[in-house]
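Structure data (mmCIF, C-alpha atoms and all ligand atoms) from data-v3.cif:
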data_final
#
loop_
_atom_site.label_atom_id
_atom_site.label_comp_id
_atom_site.auth_asym_id
_atom_site.auth_seq_id
_atom_site.Cartn_x
_atom_site.Cartn_y
_atom_site.Cartn_z
CA MET A 189 49.44 11.79 16.69
CA ALA A 190 46.10 13.38 15.88
CA ARG A 191 47.45 16.70 17.03
CA LYS A 192 50.40 16.51 14.67
CA LYS A 193 48.12 15.69 11.76
CA ARG A 194 45.94 18.68 12.43
CA SER A 195 48.81 21.16 12.59
CA PHE A 196 50.11 19.82 9.30
CA ALA A 197 46.69 20.32 7.71
CA ASP A 198 46.65 23.88 9.01
CA LYS A 199 50.01 24.55 7.43
CA VAL A 200 48.86 23.22 4.08
CA ALA A 201 45.65 25.25 4.20
CA LYS A 202 47.65 28.39 4.93
CA GLY A 203 50.08 27.72 2.11
CA THR A 204 47.47 27.19 -0.56
CA GLY A 205 44.96 29.83 0.46
CA PRO A 206 44.64 33.00 -1.58
CA ARG A 207 47.00 35.66 -0.42
CA LEU A 208 45.45 39.04 -0.91
CA GLU A 209 47.59 42.04 -0.21
CA ILE A 210 45.92 45.34 0.43
CA CYS A 211 47.66 48.48 -0.68
CA PRO A 212 48.08 50.90 2.24
CA LYS A 213 47.84 53.87 -0.14
CA CYS A 214 44.61 53.24 -2.04
CA GLY A 215 43.12 50.48 0.09
CA GLU A 216 42.51 48.28 -2.94
CA GLY A 217 43.62 44.70 -3.32
CA ILE A 218 46.98 44.22 -4.94
CA GLN A 219 47.05 41.90 -7.93
CA VAL A 220 50.21 40.10 -8.87
CA ILE A 221 50.38 39.66 -12.61
CA LYS A 222 53.03 38.41 -14.96
CA LEU A 223 54.00 41.06 -17.43
CA VAL A 224 55.58 39.68 -20.59
CA LYS A 225 57.61 42.06 -22.64
CA ALA A 226 58.92 41.35 -26.12
CA TYR A 227 62.18 42.91 -27.13
CA THR A 228 64.75 42.44 -29.84
CA PHE A 229 68.14 41.16 -28.88
CA GLY A 230 71.33 42.13 -30.63
CA GLU A 231 71.60 43.03 -34.30
CA LYS A 232 70.04 39.86 -35.61
CA ASP A 233 66.58 41.01 -34.62
CA SER A 234 65.90 37.87 -32.70
CA LEU A 235 62.82 38.33 -30.61
CA ARG A 236 63.01 37.56 -26.93
CA PHE A 237 60.43 37.55 -24.23
CA LYS A 238 60.97 38.59 -20.69
CA GLY A 239 58.49 37.80 -17.97
CA LYS A 240 58.26 39.90 -14.90
CA MET A 241 56.03 39.63 -11.88
CA VAL A 242 54.40 42.96 -11.18
CA LYS A 243 52.17 44.05 -8.33
CA VAL A 244 49.29 46.12 -9.58
CA CYS A 245 46.78 48.23 -7.69
CA LYS A 246 44.96 51.49 -8.33
CA CYS A 247 48.16 53.45 -7.65
CA ASN A 248 50.16 52.08 -10.57
CA GLU A 249 47.73 50.31 -12.90
CA LYS A 250 47.95 53.19 -15.38
CA ASP A 251 51.74 52.95 -15.43
CA VAL A 252 51.68 49.20 -15.88
CA PHE A 253 48.96 48.94 -18.50
CA GLY A 254 49.76 52.24 -20.20
ZN ZN B 301 47.62 51.32 -4.29
#
Starting from the file, lay out its structure as structure tokens.
Amino acid sequence: MARKKRSFADKVAKGTGPRLEICPKCGEGIQVIKLVKAYTFGEKDSLRFKGKMVKVCKCNEKDVFG
């Protein structure tokens, strides 16, 4: 019983821990950010927002942030 409990705790710890990806190109940590873009939809000029998860590191931060 105690064994089962421990393995469950390990699983939870793994699931909630910070997941840091390292970029193989620049060796920097990869940040996952949510990029929200506003755009007009149709001819009524109704404004919409689109969220997109983007991975950012030194390689593409200039492209992402302009
Ligand atoms: Zn990179």
task: Please measure the separation of atom CA of A:Phe237 and atom CA of A:Val220, giving the value in Å to one decimal.
output: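 Separation of atom CA of A:Phe237 and atom CA of A:Val220: 18.6 Å.
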- request: Dump the neighbourhood of ligand ZN 301 (chain B) as a VMD selection string: all residues within 10 Å, distances computed on only C-alpha atoms and all ligand atoms.
  value: chain A and resid 210 to 218 243 to 249
- request: For A:Thr228, please output as a PyMOL selection string all residues within 12 Å (counting only C-alpha atoms; exclusion window: fewer than 5 positions along the same chain).
  value: chain A and resi 233-238
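In this structure, atom CA of A:Leu223 sits 5.1 Å away from atom CA of A:Lys240.
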task: For atom CA of A:Ile221 and atom CA of A:Met241, quote the distance in Å rounded to one decimal.
output: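 For atom CA of A:Ile221 relative to atom CA of A:Met241, the distance reads 5.7 Å.
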